[in-house]
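Trainee: Dumping the structure here so I can ask a few things about it.
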Amino acid sequence: MENNHSSDIGDLHEIIDQKITAIMREMENAGYNARETALAIVDLVNAGWLDRDNALREARNAMPDNFISDGNEG
């Protein structure tokens with residue numbers, strides 16, 4: 001789901017920045033440094049979200065444009 005509205009993207013970035021800032025502070029209070037916390041976040045985003053999104057995008061692109069599902073593909 002792509003959002004092309006720059007103001008919405010700015011709002012989204014602001015919300016995510018606030019959430020990440022809170023996580024970073026919490027992890028720092030728990031004794032983790034900023035670098036290891038940031039790297040863990042990147043690893044989780046890549047493995048849990050971006051890799052899955054890329055795989056789904058590739059699967060969609062592999063389907064012919066004129067494909068019609070009969071519900072029995074799986």
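We name chains A, B, ... following the order of the structure tokens; residues begin at 1 in each chain, and ligands are numbered from 1 as shown.
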Return as a ChimeraX atom specification the full set of residues in chain A whose backbone-based DSSP assignment is alpha helix (DSSP H).

Mentor: /A:6-29,34-45,51-62

Trainee: For the selection just defined, write its residues with N, CA and C atoms to a file, as a compact mmCIF listing (two decimals), in the first residue's frame.

Mentor:
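After the write, out14.txt holds the following:
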# COMPACT_ATOMS: atom_id res chain seq x y z
N SER A 6 2.63 13.77 0.24
CA SER A 6 3.82 14.13 1.02
C SER A 6 3.48 14.54 2.44
N SER A 7 2.34 15.19 2.66
CA SER A 7 1.99 15.57 4.03
C SER A 7 1.68 14.33 4.88
N ASP A 8 1.03 13.32 4.27
CA ASP A 8 0.75 12.09 4.99
C ASP A 8 2.05 11.35 5.31
N ILE A 9 2.98 11.36 4.37
CA ILE A 9 4.27 10.71 4.59
C ILE A 9 5.02 11.43 5.71
N GLY A 10 4.96 12.76 5.72
CA GLY A 10 5.60 13.52 6.79
C GLY A 10 5.00 13.17 8.14
N ASP A 11 3.67 13.05 8.19
CA ASP A 11 3.00 12.66 9.43
C ASP A 11 3.41 11.26 9.84
N LEU A 12 3.47 10.35 8.89
CA LEU A 12 3.88 8.98 9.17
C LEU A 12 5.29 8.94 9.73
N HIS A 13 6.20 9.68 9.10
CA HIS A 13 7.59 9.72 9.57
C HIS A 13 7.66 10.28 10.99
N GLU A 14 6.86 11.31 11.27
CA GLU A 14 6.87 11.90 12.61
C GLU A 14 6.39 10.90 13.66
N ILE A 15 5.33 10.18 13.34
CA ILE A 15 4.80 9.17 14.28
C ILE A 15 5.83 8.08 14.52
N ILE A 16 6.41 7.56 13.44
CA ILE A 16 7.40 6.49 13.58
C ILE A 16 8.63 6.98 14.33
N ASP A 17 9.05 8.21 14.06
CA ASP A 17 10.20 8.78 14.77
C ASP A 17 9.94 8.84 16.27
N GLN A 18 8.73 9.25 16.65
CA GLN A 18 8.38 9.30 18.07
C GLN A 18 8.43 7.92 18.71
N LYS A 19 7.91 6.92 17.99
CA LYS A 19 7.90 5.55 18.52
C LYS A 19 9.32 5.00 18.66
N ILE A 20 10.15 5.23 17.64
CA ILE A 20 11.53 4.75 17.68
C ILE A 20 12.31 5.46 18.79
N THR A 21 12.07 6.75 18.96
CA THR A 21 12.73 7.50 20.03
C THR A 21 12.39 6.90 21.39
N ALA A 22 11.12 6.55 21.58
CA ALA A 22 10.70 5.93 22.84
C ALA A 22 11.39 4.58 23.04
N ILE A 23 11.46 3.78 21.98
CA ILE A 23 12.14 2.48 22.07
C ILE A 23 13.62 2.67 22.39
N MET A 24 14.25 3.62 21.71
CA MET A 24 15.68 3.86 21.94
C MET A 24 15.93 4.25 23.40
N ARG A 25 15.10 5.13 23.94
CA ARG A 25 15.26 5.54 25.34
C ARG A 25 15.04 4.37 26.29
N GLU A 26 14.01 3.58 26.02
CA GLU A 26 13.72 2.43 26.88
C GLU A 26 14.87 1.43 26.87
N MET A 27 15.41 1.18 25.69
CA MET A 27 16.51 0.22 25.59
C MET A 27 17.79 0.77 26.22
N GLU A 28 18.00 2.07 26.09
CA GLU A 28 19.16 2.69 26.75
C GLU A 28 19.03 2.55 28.27
N ASN A 29 17.84 2.75 28.79
CA ASN A 29 17.60 2.58 30.23
C ASN A 29 17.81 1.13 30.66
N ALA A 34 22.85 2.67 21.76
CA ALA A 34 22.04 3.11 20.62
C ALA A 34 22.36 2.31 19.35
N ARG A 35 23.62 2.02 19.14
CA ARG A 35 24.00 1.31 17.91
C ARG A 35 23.39 -0.08 17.86
N GLU A 36 23.54 -0.85 18.95
CA GLU A 36 23.00 -2.21 18.92
C GLU A 36 21.47 -2.20 18.85
N THR A 37 20.84 -1.21 19.47
CA THR A 37 19.39 -1.11 19.38
C THR A 37 18.96 -0.77 17.95
N ALA A 38 19.64 0.20 17.35
CA ALA A 38 19.30 0.60 15.98
C ALA A 38 19.51 -0.56 15.01
N LEU A 39 20.60 -1.30 15.17
CA LEU A 39 20.86 -2.44 14.29
C LEU A 39 19.81 -3.53 14.46
N ALA A 40 19.37 -3.74 15.69
CA ALA A 40 18.32 -4.73 15.93
C ALA A 40 17.02 -4.31 15.25
N ILE A 41 16.69 -3.02 15.33
CA ILE A 41 15.49 -2.51 14.67
C ILE A 41 15.58 -2.72 13.16
N VAL A 42 16.73 -2.38 12.58
CA VAL A 42 16.92 -2.55 11.14
C VAL A 42 16.78 -4.02 10.75
N ASP A 43 17.41 -4.91 11.52
CA ASP A 43 17.32 -6.35 11.23
C ASP A 43 15.87 -6.83 11.27
N LEU A 44 15.13 -6.40 12.28
CA LEU A 44 13.73 -6.81 12.41
C LEU A 44 12.86 -6.27 11.28
N VAL A 45 13.08 -5.01 10.92
CA VAL A 45 12.30 -4.42 9.83
C VAL A 45 12.61 -5.14 8.52
N ASP A 51 11.53 -7.96 3.66
CA ASP A 51 11.74 -9.20 2.92
C ASP A 51 10.41 -9.82 2.52
N ARG A 52 9.45 -9.81 3.43
CA ARG A 52 8.12 -10.38 3.15
C ARG A 52 7.41 -9.55 2.07
N ASP A 53 7.50 -8.22 2.18
CA ASP A 53 6.87 -7.35 1.18
C ASP A 53 7.49 -7.58 -0.19
N ASN A 54 8.81 -7.69 -0.25
CA ASN A 54 9.48 -7.95 -1.53
C ASN A 54 9.07 -9.30 -2.12
N ALA A 55 8.95 -10.32 -1.29
CA ALA A 55 8.54 -11.64 -1.77
C ALA A 55 7.12 -11.59 -2.32
N LEU A 56 6.23 -10.92 -1.63
CA LEU A 56 4.85 -10.80 -2.12
C LEU A 56 4.79 -10.01 -3.41
N ARG A 57 5.57 -8.94 -3.50
CA ARG A 57 5.61 -8.13 -4.72
C ARG A 57 6.12 -8.97 -5.90
N GLU A 58 7.17 -9.76 -5.68
CA GLU A 58 7.71 -10.62 -6.73
C GLU A 58 6.68 -11.66 -7.17
N ALA A 59 5.96 -12.22 -6.21
CA ALA A 59 4.93 -13.21 -6.54
C ALA A 59 3.82 -12.58 -7.37
N ARG A 60 3.41 -11.37 -6.99
CA ARG A 60 2.37 -10.68 -7.77
C ARG A 60 2.86 -10.38 -9.18
N ASN A 61 4.11 -9.95 -9.30
CA ASN A 61 4.66 -9.62 -10.61
C ASN A 61 4.84 -10.85 -11.49
N ALA A 62 4.98 -12.02 -10.88
CA ALA A 62 5.16 -13.26 -11.64
C ALA A 62 3.85 -13.75 -12.25
